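*Asks:* My structure is in work-v1.txt, and what it holds is compact mmCIF, C-alpha atoms:
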# COMPACT_ATOMS: atom_id res chain seq x y z
CA MET A 1 0.00 0.00 0.00
CA PHE A 2 1.21 3.46 -0.92
CA PRO A 3 -1.67 5.91 -0.41
CA THR A 4 0.22 9.21 -0.38
CA LEU A 5 3.36 10.58 -1.99
CA HIS A 6 5.12 13.39 -0.11
CA ILE A 7 6.98 15.99 -2.13
CA GLY A 8 8.19 18.53 0.41
CA SER A 9 5.12 19.69 2.33
CA LEU A 10 2.84 18.54 -0.48
CA ALA A 11 0.97 15.25 0.08
CA ILE A 12 -0.26 13.79 -3.22
CA GLN A 13 -2.89 11.04 -3.10
CA VAL A 14 -1.33 8.23 -5.16
CA PRO A 15 -4.66 6.53 -6.14
CA GLY A 16 -5.96 9.75 -7.69
CA LEU A 17 -2.63 10.31 -9.43
CA LEU A 18 -2.69 6.78 -10.89
CA ILE A 19 -6.21 7.26 -12.23
CA LEU A 20 -5.17 10.55 -13.87
CA ILE A 21 -2.15 8.83 -15.46
CA GLY A 22 -4.45 6.00 -16.63
CA LEU A 23 -6.84 8.51 -18.19
CA TRP A 24 -3.97 10.23 -19.98
CA LEU A 25 -2.54 6.92 -21.28
CA GLY A 26 -6.01 5.75 -22.31
CA LEU A 27 -6.58 8.99 -24.19
CA SER A 28 -3.23 8.65 -25.96
CA LEU A 29 -4.06 5.07 -26.95
CA ALA A 30 -7.55 5.96 -28.17
CA GLU A 31 -6.19 8.95 -30.09
CA ARG A 32 -3.61 6.76 -31.82
CA TYR A 33 -6.12 4.26 -33.19
CA SER A 34 -9.30 6.35 -33.59
CA PRO A 35 -8.51 7.56 -37.15
CA LYS A 36 -8.69 3.98 -38.45
CA ARG A 37 -12.27 3.89 -37.13
CA GLY A 38 -13.11 7.16 -38.87
CA ILE A 39 -13.01 9.32 -35.72
CA PRO A 40 -10.56 12.27 -35.73
CA ALA A 41 -8.08 12.09 -32.85
CA ALA A 42 -8.89 15.65 -31.76
CA HIS A 43 -12.51 14.65 -31.20
CA ILE A 44 -11.43 11.94 -28.75
CA TYR A 45 -9.83 14.61 -26.56
CA THR A 46 -12.73 17.02 -26.94
CA PHE A 47 -15.19 14.25 -26.09
CA SER A 48 -13.17 13.07 -23.08
CA ILE A 49 -12.71 16.51 -21.56
CA THR A 50 -16.38 17.35 -22.10
CA ALA A 51 -17.43 13.95 -20.72
CA VAL A 52 -15.27 14.35 -17.59
CA LEU A 53 -16.74 17.81 -16.92
CA ALA A 54 -20.30 16.62 -17.60
CA ALA A 55 -19.76 13.53 -15.42
CA ALA A 56 -18.47 15.65 -12.52
CA PHE A 57 -21.34 18.12 -12.89
CA SER A 58 -24.14 15.55 -13.15
CA ALA A 59 -22.59 13.32 -10.46
CA ARG A 60 -22.61 16.27 -8.04
CA LEU A 61 -26.07 17.37 -9.16
CA ILE A 62 -27.59 13.92 -8.50
CA TYR A 63 -25.73 13.64 -5.18
CA VAL A 64 -27.06 17.04 -4.07
CA PHE A 65 -30.57 16.11 -5.20
CA LEU A 66 -30.44 12.85 -3.19
CA ASN A 67 -29.16 14.69 -0.07
CA LEU A 68 -31.04 17.93 -0.57
CA ASN A 69 -31.83 18.59 3.11
CA VAL A 70 -28.12 18.43 4.02
CA PHE A 71 -27.08 20.79 1.23
CA LEU A 72 -29.86 23.26 2.04
CA ASP A 73 -28.20 23.65 5.45
CA SER A 74 -24.73 24.12 3.94
CA PRO A 75 -25.12 25.33 0.33
CA ALA A 76 -21.40 26.16 0.05
CA SER A 77 -20.73 22.40 0.05
CA ILE A 78 -22.33 22.14 -3.41
CA VAL A 79 -19.11 23.49 -4.94
CA SER A 80 -16.79 21.59 -2.57
CA LEU A 81 -13.85 19.72 -4.11
CA ASN A 82 -14.55 16.56 -2.05
CA PRO A 83 -14.74 13.64 -4.53
CA GLU A 84 -16.89 11.74 -2.02
CA LEU A 85 -19.80 14.05 -2.85
CA LEU A 86 -20.37 12.44 -6.27
CA ASN A 87 -22.96 9.93 -7.39
CA PRO A 88 -21.58 7.26 -9.80
CA PHE A 89 -24.88 6.89 -11.68
CA GLY A 90 -24.94 10.66 -12.16
CA ALA A 91 -21.46 10.41 -13.68
CA LEU A 92 -22.64 7.70 -16.12
CA LEU A 93 -25.61 9.84 -17.06
CA GLY A 94 -23.30 12.78 -17.85
CA VAL A 95 -21.06 10.63 -20.05
CA ALA A 96 -24.09 9.14 -21.85
CA LEU A 97 -25.52 12.59 -22.61
CA VAL A 98 -22.20 13.82 -24.03
CA PHE A 99 -21.92 10.60 -26.08
CA ILE A 100 -25.38 11.18 -27.59
CA TYR A 101 -24.55 14.84 -28.26
CA PHE A 102 -21.36 13.89 -30.15
CA LEU A 103 -23.18 11.26 -32.21
CA ARG A 104 -25.75 13.81 -33.31
CA ARG A 105 -23.35 16.72 -33.76
CA TYR A 106 -20.78 14.84 -35.87
CA LYS A 107 -23.04 12.11 -37.32
CA TYR A 108 -20.69 9.30 -36.23
CA ASN A 109 -21.58 5.67 -36.48
CA PRO A 110 -22.27 4.75 -32.82
CA TRP A 111 -20.36 1.43 -33.08
CA SER A 112 -17.29 3.12 -34.55
CA PHE A 113 -17.41 5.73 -31.80
CA ILE A 114 -17.65 3.01 -29.12
CA ASP A 115 -14.68 1.18 -30.70
CA ALA A 116 -12.68 4.41 -30.70
CA LEU A 117 -13.42 5.20 -27.04
CA VAL A 118 -13.11 1.73 -25.50
CA PRO A 119 -9.27 1.81 -25.18
CA ILE A 120 -9.80 4.55 -22.57
CA LEU A 121 -11.99 2.14 -20.58
CA ALA A 122 -9.45 -0.70 -20.89
CA MET A 123 -6.56 1.49 -19.72
CA LEU A 124 -8.63 3.12 -16.95
CA THR A 125 -9.56 -0.33 -15.60
CA CYS A 126 -5.84 -1.11 -15.22
CA ALA A 127 -5.30 2.27 -13.53
CA VAL A 128 -8.21 1.82 -11.10
CA ASP A 129 -6.88 -1.62 -10.12
CA LEU A 130 -3.43 -0.11 -9.50
CA ALA A 131 -5.10 2.69 -7.49
CA ASN A 132 -6.86 0.05 -5.39
CA LEU A 133 -3.52 -1.63 -4.75
CA ALA A 134 -2.10 1.72 -3.60
CA SER A 135 -5.05 2.55 -1.34
CA GLY A 136 -5.81 -0.96 -0.05
CA LYS A 137 -9.38 -0.84 -1.41
CA GLY A 138 -10.80 -4.06 -2.79
CA TYR A 139 -8.84 -6.26 -0.37
CA GLY A 140 -9.39 -10.00 -0.52
CA TYR A 141 -10.71 -12.75 1.74
CA PRO A 142 -8.34 -14.55 4.09
CA THR A 143 -6.69 -17.57 2.46
CA ASN A 144 -3.92 -20.11 3.04
CA LEU A 145 -2.83 -20.13 -0.61
CA PRO A 146 0.94 -19.78 -1.09
CA TRP A 147 0.58 -16.50 -2.99
CA ALA A 148 -1.49 -14.83 -0.24
CA ILE A 149 -0.37 -11.36 0.87
CA TYR A 150 -0.39 -10.14 4.47
CA LEU A 151 -2.78 -7.21 4.59
CA PHE A 152 -4.95 -5.72 7.34
CA GLY A 153 -4.03 -8.34 9.93
CA GLU A 154 -4.61 -11.46 7.78
CA TRP A 155 -3.11 -13.47 4.91
CA ARG A 156 -5.45 -12.60 2.07
CA HIS A 157 -6.15 -13.17 -1.61
CA PRO A 158 -4.14 -10.52 -3.53
CA THR A 159 -7.36 -9.41 -5.26
CA GLN A 160 -5.92 -6.15 -6.55
CA ILE A 161 -3.10 -8.10 -8.23
CA TYR A 162 -5.61 -10.60 -9.74
CA GLU A 163 -7.50 -7.63 -11.15
CA ILE A 164 -4.37 -5.93 -12.49
CA ILE A 165 -3.37 -9.16 -14.26
CA ALA A 166 -6.88 -9.63 -15.73
CA ALA A 167 -7.09 -5.99 -16.89
CA THR A 168 -3.62 -6.21 -18.47
CA ILE A 169 -4.52 -9.45 -20.29
CA ILE A 170 -7.70 -7.81 -21.64
CA LEU A 171 -5.81 -4.66 -22.70
CA VAL A 172 -3.01 -6.57 -24.43
CA SER A 173 -5.00 -9.46 -25.96
CA LEU A 174 -7.67 -7.08 -27.25
CA TRP A 175 -5.22 -4.38 -28.37
CA PRO A 176 -6.96 -1.59 -30.28
CA GLY A 177 -4.41 -1.78 -33.10
CA SER A 178 -5.04 -5.49 -33.67
CA HIS A 179 -5.41 -6.47 -37.35
CA ARG A 180 -7.81 -9.36 -36.63
CA THR A 181 -10.43 -9.57 -39.36
CA LEU A 182 -13.09 -10.00 -36.66
CA PHE A 183 -12.39 -6.48 -35.38
CA SER A 184 -12.77 -4.93 -38.82
CA GLN A 185 -16.52 -5.08 -38.30
CA ARG A 186 -17.80 -2.06 -36.41
CA GLY A 187 -18.56 -2.55 -32.74
CA ILE A 188 -17.01 -5.98 -32.34
CA TYR A 189 -13.80 -4.71 -30.73
CA GLY A 190 -15.67 -2.52 -28.25
CA LEU A 191 -18.18 -5.22 -27.33
CA CYS A 192 -15.40 -7.79 -26.83
CA VAL A 193 -13.54 -5.47 -24.42
CA ILE A 194 -16.73 -4.69 -22.47
CA ALA A 195 -17.75 -8.38 -22.31
CA ALA A 196 -14.26 -9.43 -21.16
CA THR A 197 -14.17 -6.68 -18.50
CA ALA A 198 -17.62 -7.69 -17.23
CA THR A 199 -16.55 -11.37 -17.08
CA SER A 200 -13.42 -10.44 -15.15
CA ARG A 201 -15.45 -8.43 -12.61
CA LEU A 202 -18.03 -11.24 -12.31
CA ILE A 203 -15.32 -13.80 -11.47
CA LEU A 204 -12.88 -11.76 -9.38
CA GLU A 205 -15.46 -9.93 -7.25
CA ALA A 206 -15.97 -13.27 -5.46
CA PHE A 207 -12.52 -12.98 -3.85
CA ARG A 208 -13.09 -9.47 -2.49
CA ALA A 209 -13.92 -9.02 1.17
CA ASP A 210 -15.27 -5.46 0.85
CA SER A 211 -18.07 -6.05 -1.68
CA ASN A 212 -21.34 -4.20 -1.42
CA ILE A 213 -23.89 -6.86 -0.44
CA ILE A 214 -27.53 -6.90 -1.48
CA SER A 215 -30.08 -9.34 -0.11
CA GLY A 216 -29.18 -13.01 0.30
CA GLY A 217 -25.46 -12.32 0.46
CA ILE A 218 -25.34 -11.52 -3.27
CA ARG A 219 -22.72 -8.97 -4.35
CA SER A 220 -24.16 -6.01 -6.28
CA ALA A 221 -21.06 -5.71 -8.51
CA GLN A 222 -21.54 -9.29 -9.73
CA ILE A 223 -25.18 -8.63 -10.64
CA THR A 224 -24.20 -5.47 -12.55
CA ALA A 225 -21.39 -7.35 -14.33
CA TRP A 226 -23.73 -10.26 -15.18
CA LEU A 227 -26.35 -7.92 -16.67
CA LEU A 228 -23.66 -6.07 -18.66
CA LEU A 229 -22.31 -9.40 -19.92
CA ALA A 230 -25.81 -10.52 -20.97
CA VAL A 231 -26.42 -7.32 -22.97
CA THR A 232 -22.97 -7.30 -24.62
CA LEU A 233 -23.16 -11.00 -25.58
CA TRP A 234 -26.57 -10.48 -27.14
CA LEU A 235 -25.32 -7.43 -29.05
CA LEU A 236 -22.12 -9.22 -30.05
CA PHE A 237 -23.97 -12.19 -31.55
CA LYS A 238 -26.40 -9.84 -33.24
CA ARG A 239 -23.58 -7.73 -34.75
CA LEU A 240 -21.83 -10.85 -35.96
CA GLY A 241 -25.04 -11.98 -37.63
CA ILE A 242 -25.11 -15.23 -35.67
CA SER A 243 -28.62 -16.45 -35.03
CA ASN A 244 -30.29 -19.78 -34.52
CA GLY A 245 -30.94 -21.74 -37.66
CA MET B 1 -11.35 -25.61 -31.19
CA LYS B 2 -13.05 -25.78 -34.55
CA SER B 3 -15.84 -27.99 -33.18
CA ILE B 4 -16.49 -25.50 -30.33
CA ARG B 5 -16.66 -22.66 -32.86
CA ASN B 6 -19.09 -24.66 -35.00
CA ALA B 7 -21.26 -25.45 -31.97
CA ILE B 8 -21.36 -21.73 -31.03
CA LEU B 9 -22.31 -20.77 -34.58
CA LYS B 10 -24.97 -23.46 -34.73
CA HIS B 11 -26.54 -22.80 -31.32
CA PRO B 12 -25.87 -19.15 -30.37
CA ASN B 13 -28.81 -18.85 -27.98
CA TRP B 14 -27.72 -21.97 -26.12
CA THR B 15 -24.18 -20.59 -25.96
CA ILE B 16 -25.38 -17.34 -24.37
CA ALA B 17 -27.67 -19.30 -22.00
CA ILE B 18 -24.81 -21.59 -20.90
CA ILE B 19 -22.39 -18.67 -20.31
CA LEU B 20 -24.98 -16.69 -18.35
CA GLY B 21 -26.09 -19.81 -16.47
CA LEU B 22 -22.51 -20.47 -15.38
CA GLY B 23 -22.28 -16.81 -14.35
CA LEU B 24 -25.41 -17.15 -12.19
CA LEU B 25 -24.07 -20.33 -10.58
CA TRP B 26 -20.81 -18.50 -9.77
CA ILE B 27 -22.76 -15.60 -8.22
CA LEU B 28 -24.72 -18.02 -6.04
CA ALA B 29 -21.69 -20.13 -5.12
CA SER B 30 -19.68 -17.06 -4.11
CA ARG B 31 -22.41 -15.30 -2.14
CA VAL B 32 -21.41 -13.98 1.27
CA THR B 33 -22.77 -16.15 4.06
CA ASN B 34 -21.30 -14.24 6.99
CA PRO B 35 -20.66 -10.55 6.20
CA ASN B 36 -17.68 -8.94 7.98
CA ALA B 37 -16.65 -12.33 9.45
CA ASP B 38 -13.07 -11.73 8.34
CA THR B 39 -12.83 -8.21 9.81
CA ILE B 40 -14.59 -8.63 13.17
CA GLY B 41 -12.10 -8.34 15.98
CA ILE B 42 -9.26 -7.10 13.78
CA ALA B 43 -8.17 -3.58 14.70
CA GLN B 44 -7.03 -1.75 11.56
CA PRO B 45 -7.39 1.90 10.56
CA HIS B 46 -9.49 0.99 7.51
CA ILE B 47 -13.17 0.91 6.60
CA GLY B 48 -14.99 -2.15 7.95
CA PHE B 49 -12.44 -2.89 10.69
CA ALA B 50 -12.50 -2.18 14.41
CA ALA B 51 -10.91 1.18 15.23
CA PRO B 52 -7.55 0.64 16.95
CA ASP B 53 -7.74 1.56 20.62
CA ILE B 54 -5.94 4.70 21.69
CA THR B 55 -5.40 6.58 24.92
CA LEU B 56 -4.53 10.27 24.72
CA SER B 57 -4.55 13.25 27.06
CA ASP B 58 -6.03 16.69 26.69
CA GLN B 59 -4.38 19.97 27.68
CA ALA B 60 -5.36 19.52 31.33
CA GLY B 61 -3.88 16.02 31.43
CA ASN B 62 -7.21 14.17 31.46
CA SER B 63 -6.83 10.97 29.48
CA ILE B 64 -9.42 9.49 27.15
CA GLN B 65 -9.50 5.90 25.95
CA LEU B 66 -11.36 5.20 22.72
CA THR B 67 -12.86 1.89 23.90
CA GLU B 68 -14.52 3.74 26.79
CA LEU B 69 -16.60 5.55 24.18
CA ARG B 70 -18.02 2.27 22.79
CA GLY B 71 -21.76 2.70 22.25
CA GLN B 72 -21.30 6.27 20.99
CA PRO B 73 -20.44 7.26 17.42
CA VAL B 74 -17.05 9.01 17.25
CA ILE B 75 -15.36 11.32 14.75
CA ILE B 76 -11.56 11.53 15.06
CA ASN B 77 -9.94 14.40 13.20
CA PHE B 78 -6.13 14.57 12.99
CA TRP B 79 -4.89 18.14 12.55
CA ALA B 80 -1.98 20.55 13.01
CA SER B 81 -1.98 24.33 13.40
CA TRP B 82 0.34 24.88 10.42
CA CYS B 83 -1.91 22.92 8.05
CA PRO B 84 -4.14 25.24 5.89
CA PRO B 85 -6.80 22.61 5.00
CA CYS B 86 -7.09 21.74 8.74
CA ARG B 87 -7.81 25.42 9.44
CA ALA B 88 -10.28 25.58 6.53
CA GLU B 89 -12.36 22.62 7.74
CA MET B 90 -12.24 23.19 11.50
CA SER B 91 -15.30 25.47 11.65
CA ALA B 92 -17.34 22.75 9.86
CA ILE B 93 -16.15 20.16 12.39
CA GLU B 94 -17.13 22.47 15.23
CA ALA B 95 -20.56 22.95 13.61
CA VAL B 96 -21.07 19.17 13.38
CA HIS B 97 -20.08 18.85 17.03
CA GLN B 98 -22.59 21.53 18.00
CA THR B 99 -25.37 19.95 15.89
CA TYR B 100 -25.00 16.32 16.93
CA GLN B 101 -23.49 16.28 20.43
CA GLY B 102 -27.02 16.12 21.87
CA GLN B 103 -27.55 12.85 19.99
CA GLY B 104 -24.41 11.32 21.50
CA LEU B 105 -21.85 12.05 18.78
CA VAL B 106 -18.33 12.49 20.16
CA VAL B 107 -15.81 14.58 18.21
CA LEU B 108 -12.13 14.17 19.06
CA GLY B 109 -9.58 16.53 17.56
CA VAL B 110 -6.17 14.86 17.70
CA ASN B 111 -3.38 17.39 17.36
CA ALA B 112 -0.28 15.99 15.63
CA ALA B 113 1.72 17.45 18.51
CA ASN B 114 4.95 15.71 17.50
CA GLN B 115 5.02 17.90 14.39
CA ASP B 116 3.37 21.01 15.82
CA ASN B 117 4.18 23.78 18.28
CA PHE B 118 2.16 23.41 21.49
CA ALA B 119 1.64 27.17 21.96
CA GLN B 120 0.53 27.60 18.33
CA ALA B 121 -1.81 24.61 18.64
CA GLN B 122 -3.43 26.16 21.73
CA GLU B 123 -3.69 29.52 19.97
CA PHE B 124 -5.37 27.74 17.03
CA VAL B 125 -7.93 26.11 19.38
CA SER B 126 -8.85 29.40 21.04
CA GLU B 127 -8.85 31.33 17.76
CA MET B 128 -11.22 28.78 16.15
CA ASP B 129 -13.24 28.70 19.40
CA LEU B 130 -13.31 24.89 19.43
CA SER B 131 -15.53 23.34 22.08
CA PHE B 132 -14.94 19.65 21.35
CA GLN B 133 -12.25 17.54 23.02
CA ILE B 134 -8.71 18.31 21.82
CA LEU B 135 -6.12 15.58 22.46
CA TYR B 136 -2.38 15.72 21.91
CA ASP B 137 -0.40 12.98 20.17
CA THR B 138 3.01 14.06 21.44
CA THR B 139 4.90 10.95 20.30
CA GLY B 140 3.21 10.40 16.93
CA ASN B 141 2.37 6.83 17.96
CA VAL B 142 -1.36 7.32 17.43
CA GLN B 143 -0.74 8.74 13.95
CA ASP B 144 1.39 5.68 13.18
CA LEU B 145 -1.32 3.37 14.54
CA TYR B 146 -3.93 5.08 12.36
CA GLU B 147 -1.53 5.21 9.39
CA VAL B 148 -2.08 8.96 9.05
CA SER B 149 -0.13 9.88 5.94
CA ALA B 150 -1.58 13.35 5.35
CA LEU B 151 -3.21 16.07 7.43
CA PRO B 152 -6.08 16.47 7.95
CA THR B 153 -7.40 12.90 8.12
CA THR B 154 -10.82 12.14 9.54
CA PHE B 155 -12.20 8.79 10.79
CA PHE B 156 -15.91 8.10 11.29
CA ILE B 157 -16.47 5.33 13.83
CA ASP B 158 -19.89 3.83 14.60
CA ARG B 159 -21.35 2.82 17.97
CA ALA B 160 -19.85 -0.68 17.67
CA GLY B 161 -16.37 0.78 17.23
CA ILE B 162 -16.22 -0.06 13.49
CA ILE B 163 -14.68 2.46 11.10
CA GLN B 164 -17.36 3.41 8.57
CA GLU B 165 -15.52 6.09 6.59
CA VAL B 166 -12.06 7.62 6.28
CA VAL B 167 -11.49 10.97 4.59
CA ILE B 168 -7.84 11.66 3.79
CA GLY B 169 -6.99 15.30 3.11
CA GLY B 170 -9.22 18.31 3.22
CA PRO B 171 -10.89 20.63 3.65
CA ILE B 172 -13.85 18.34 4.17
CA ALA B 173 -17.21 19.84 3.17
CA GLU B 174 -19.74 20.48 5.93
CA ALA B 175 -22.34 18.49 3.96
CA LEU B 176 -20.05 15.46 3.80
CA LEU B 177 -19.38 15.71 7.54
CA ASN B 178 -23.12 15.87 8.21
CA ILE B 179 -23.88 12.91 5.91
CA HIS B 180 -21.21 10.70 7.51
CA ALA B 181 -22.18 11.86 11.02
CA GLU B 182 -25.80 10.89 10.38
CA GLU B 183 -24.68 7.51 8.99
CA ILE B 184 -22.70 6.62 12.12
CA LEU B 185 -25.50 7.90 14.34
CA LYS B 186 -27.91 5.49 12.57
CA GLU B 187 -25.65 2.43 12.97
CA GLN B 188 -26.69 0.26 15.90
CA PRO B 189 -24.15 -1.84 17.85
Write the structure described by the file as structure tokens, please.

*Replies:*
Amino acid sequence: MFPTLHIGSLAIQVPGLLILIGLWLGLSLAERYSPKRGIPAAHIYTFSITAVLAAAFSARLIYVFLNLNVFLDSPASIVSLNPELLNPFGALLGVALVFIYFLRRYKYNPWSFIDALVPILAMLTCAVDLANLASGKGYGYPTNLPWAIYLFGEWRHPTQIYEIIAATIILVSLWPGSHRTLFSQRGIYGLCVIAATATSRLILEAFRADSNIISGGIRSAQITAWLLLAVTLWLLFKRLGISNG
Amino acid sequence: MKSIRNAILKHPNWTIAIILGLGLLWILASRVTNPNADTIGIAQPHIGFAAPDITLSDQAGNSIQLTELRGQPVIINFWASWCPPCRAEMSAIEAVHQTYQGQGLVVLGVNAANQDNFAQAQEFVSEMDLSFQILYDTTGNVQDLYEVSALPTTFFIDRAGIIQEVVIGGPIAEALLNIHAEEILKEQP
């Protein structure tokens, strides 16, 4: 664990720094390969910056709306820099709205645009897993396996390392510059990355000891990943023109 | 490999059903039967674990032990007088103390005395007009125990002595303080 980096009197939060580096690397990767999908590299940057701003705005807006009584008592908190005051579904909504705006404004094929943007997701997943390793979030269940790591008073599954390995395999094996004929069809590359990421989350979440639990001991992240996998598989088979008979 | 590919192409719906069925079985097989079983009784300065026990003294020499406060929600804020974000958030912490002390919330301000000047720390307390308990970590041992790597750092501990939230850095927004305070007030031991 390495949560903060001290440079003189400045304490930098390493997880946040890693996510920023991941975003920058993801943007560079997406920019490099977007022209072959018919999306100008400059538009990747414009989209990403707009999406980040829209995500932050709508995430805060939804958070404030859901905790309105608290913010009415301290309205100055609405513009606070605390990242904890953000709603993840609000962030997704912001990104979705910017995505729709770009599709309409520039008349892009939605599948090509997804293919062009997905390298950002693949790289960010690696960065988030590294950030979890730095912060200690996403720690695993106790285990006697020989590769267990000693963390928080127990020998545990090195879940963050499992996730880093899985994310790296997905990033490398589904490289955006791959010349596979399968990926020449619009949307297939993007759907494969999303399906692989959802499968990885579905499997590896089981080793985490800090999962959010819904009723019956079921982990909410696994349900989300399973639903995402179902939708992407259906779309993937549809795009490939595979149907019964 | 070729036969698997042919089977997938021939029966795509079955392929999707088998993959999703295996996924459902995995979800059920890996469901949590005893939440927090692996963290109960382990004292670690992280969310979901028991707050490490500490004993510190205030300016008058009165000592406070954290385990004695079991049954009451506790906010521990680590601060120093030279730290600008600590100064910026202190009025919000005082406001939370004023709002919720009647409901049993305890706010402890732990001065990082090993890296602060005692006179300046006292001046800070009187200047900010702080009415909650100020404790002094003169050796830095409590900061080490709580793995405080940046100031300010704030821990939200529920009635059962379990850490529910940790906010590293600041200034922390008053709304966030209120939301976390209400969360730990709701938690029952």

*Asks:* Do a neighbour search on Glu68 (chain B) at 12 Å with all atoms listed in the file, toss out local chain neighbours closer than 3 positions, and write the hits as a list in words.

*Replies:*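 Result of the neighbour search: Asp53, Ile54, Thr55, Ser63, Ile64, Gln65, Gly71, Gln72, Pro73, Val74, Val106, Arg159, Ala160 and Gly161 of chain B.
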
*Asks:* Could you pull the residues within 12 Å of Gln222 (chain A), counting all atoms listed in the file, minus those fewer than 2 positions along the same chain, as a count of residues only?

*Replies:* 37

*Asks:* Distance CA of Ser77 (chain A)-CA of Glu174 (chain B), one decimal place?

*Replies:* 6.3 Å

*Asks:* Quick one: axis-aligned box around all listed atoms of region 39-58 of chain B, 8 Å on every side, centre and edge lengths in Å to one decimal, written as AutoDock Vina command-line options.

*Replies:*
--center_x -9.8 --center_y 4.0 --center_z 16.8 --size_x 26.5 --size_y 41.3 --size_z 36.5

*Asks:* Against chain A, which residues of chain B fall within 10 Å? For each one I want the closest pair of atoms and the distance in Å (one decimal), counting only C-alpha atoms, rows by chain and increasing residue number, as CSV.

*Replies:*
residue,atom,partner,partner_atom,distance
B:Ile8,CA,A:Ile242,CA,8.8
B:Leu9,CA,A:Ile242,CA,6.3
B:Lys10,CA,A:Asn244,CA,6.5
B:His11,CA,A:Asn244,CA,5.8
B:Pro12,CA,A:Ser243,CA,6.0
B:Asn13,CA,A:Asn244,CA,6.8
B:Trp14,CA,A:Asn244,CA,9.1
B:Thr15,CA,A:Leu233,CA,9.7
B:Ile16,CA,A:Leu233,CA,6.8
B:Ala17,CA,A:Ala230,CA,9.0
B:Ile19,CA,A:Ala230,CA,8.9
B:Leu20,CA,A:Ala230,CA,6.8
B:Gly21,CA,A:Trp226,CA,9.9
B:Gly23,CA,A:Trp226,CA,6.8
B:Leu24,CA,A:Trp226,CA,7.7
B:Trp26,CA,A:Ile203,CA,7.4
B:Ile27,CA,A:Gln222,CA,6.6
B:Leu28,CA,A:Ile218,CA,7.1
B:Ala29,CA,A:Ala206,CA,8.9
B:Ser30,CA,A:Ala206,CA,5.5
B:Arg31,CA,A:Ile218,CA,4.9
B:Val32,CA,A:Gly217,CA,4.5
B:Thr33,CA,A:Gly217,CA,5.9
B:Asn34,CA,A:Gly217,CA,8.0
B:Pro35,CA,A:Gly217,CA,7.7
B:Asn36,CA,A:Ala209,CA,7.8
B:Ala37,CA,A:Ala209,CA,9.3
B:Asp38,CA,A:Pro142,CA,7.0
B:Thr39,CA,A:Phe152,CA,8.6
B:Ile42,CA,A:Gly153,CA,6.6
B:Ala43,CA,A:Gly153,CA,7.9
B:Gln44,CA,A:Phe152,CA,6.2
B:Pro45,CA,A:Phe152,CA,8.6
B:His46,CA,A:Phe152,CA,8.1
B:Ile47,CA,A:Asp210,CA,8.8
B:Gly48,CA,A:Asp210,CA,7.8
B:Phe49,CA,A:Phe152,CA,8.7
B:Cys83,CA,A:Ser9,CA,9.6
B:Ala92,CA,A:Ser74,CA,9.6
B:Glu147,CA,A:Pro3,CA,9.8
B:Val148,CA,A:Thr4,CA,9.7
B:Ser149,CA,A:Thr4,CA,6.4
B:Ala150,CA,A:Ala11,CA,6.2
B:Leu151,CA,A:Ala11,CA,8.5
B:Val167,CA,A:Glu84,CA,8.6
B:Ile168,CA,A:Gln13,CA,8.5
B:Gly169,CA,A:Ala11,CA,8.5
B:Gly170,CA,A:Asn82,CA,7.7
B:Pro171,CA,A:Asn82,CA,7.9
B:Ile172,CA,A:Asn82,CA,6.5
B:Ala173,CA,A:Ser77,CA,5.4
B:Glu174,CA,A:Ser77,CA,6.3
B:Ala175,CA,A:Ser77,CA,5.8
B:Leu176,CA,A:Leu85,CA,6.8
B:Leu177,CA,A:Val70,CA,9.8
B:Asn178,CA,A:Val70,CA,7.0
B:Ile179,CA,A:Val70,CA,7.2

*Asks:* May I ask which of the residues B:Leu135, B:Ala88, B:Leu185, B:Val166 is the closest one to Leu66 (chain B), counting all atoms listed in the file?

*Replies:* B:Leu135

*Asks:* Please list as a PyMOL selection string every residue within 12 Å of Leu53 (chain A), counting all atoms listed in the file and excluding residues in the same chain fewer than 4 positions away.

*Replies:* chain A and resi 46-49+57-60+90-95+97-98

*Asks:* I need the residue nearest Ile134 (chain B) from this list: B:Gln59, B:Ala112, B:Gly102, B:His97. Use all atoms listed in the file for the distance.

*Replies:*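 Counting all atoms listed in the file, the residue closest to Ile134 (chain B) is B:Gln59.
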
*Asks:* What is the distance between CA of Pro176 (chain A) and CA of Thr232 (chain A), in Å to one decimal?

*Replies:* 17.9 Å

*Asks:* Give me the residues within 12 Å of Leu20 (chain A) as a list in words, counting all atoms listed in the file and dropping any in the same chain fewer than 2 places off.

*Replies:*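 After dropping sequence-adjacent residues, the list is Gln13, Val14, Pro15, Gly16, Leu17, Leu18, Gly22, Leu23, Trp24, Leu25, Gly26, Leu27, Val52, Ile120, Met123, Leu124, Thr125, Cys126, Ala127, Val128, Leu130 and Ala131 of chain A.
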
*Asks:* Mind rebuilding region 206-210 of chain A with N, CA and C atoms and writing that out as a short mmCIF file (atom, residue, chain, number, x, y, z; two decimals), keeping the file's coordinate frame?

*Replies:*
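Here's the written file out38.cif:
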data_model
loop_
_atom_site.label_atom_id
_atom_site.label_comp_id
_atom_site.auth_asym_id
_atom_site.auth_seq_id
_atom_site.Cartn_x
_atom_site.Cartn_y
_atom_site.Cartn_z
N ALA A 206 -15.73 -12.22 -6.46
CA ALA A 206 -15.97 -13.27 -5.46
C ALA A 206 -14.84 -13.37 -4.43
N PHE A 207 -13.65 -12.88 -4.78
CA PHE A 207 -12.52 -12.98 -3.85
C PHE A 207 -12.37 -11.74 -2.98
N ARG A 208 -13.19 -10.71 -3.26
CA ARG A 208 -13.09 -9.47 -2.49
C ARG A 208 -13.85 -9.56 -1.18
N ALA A 209 -13.27 -8.99 -0.15
CA ALA A 209 -13.92 -9.02 1.17
C ALA A 209 -14.69 -7.73 1.47
N ASP A 210 -14.61 -6.75 0.56
CA ASP A 210 -15.27 -5.46 0.85
C ASP A 210 -16.41 -5.18 -0.13
#
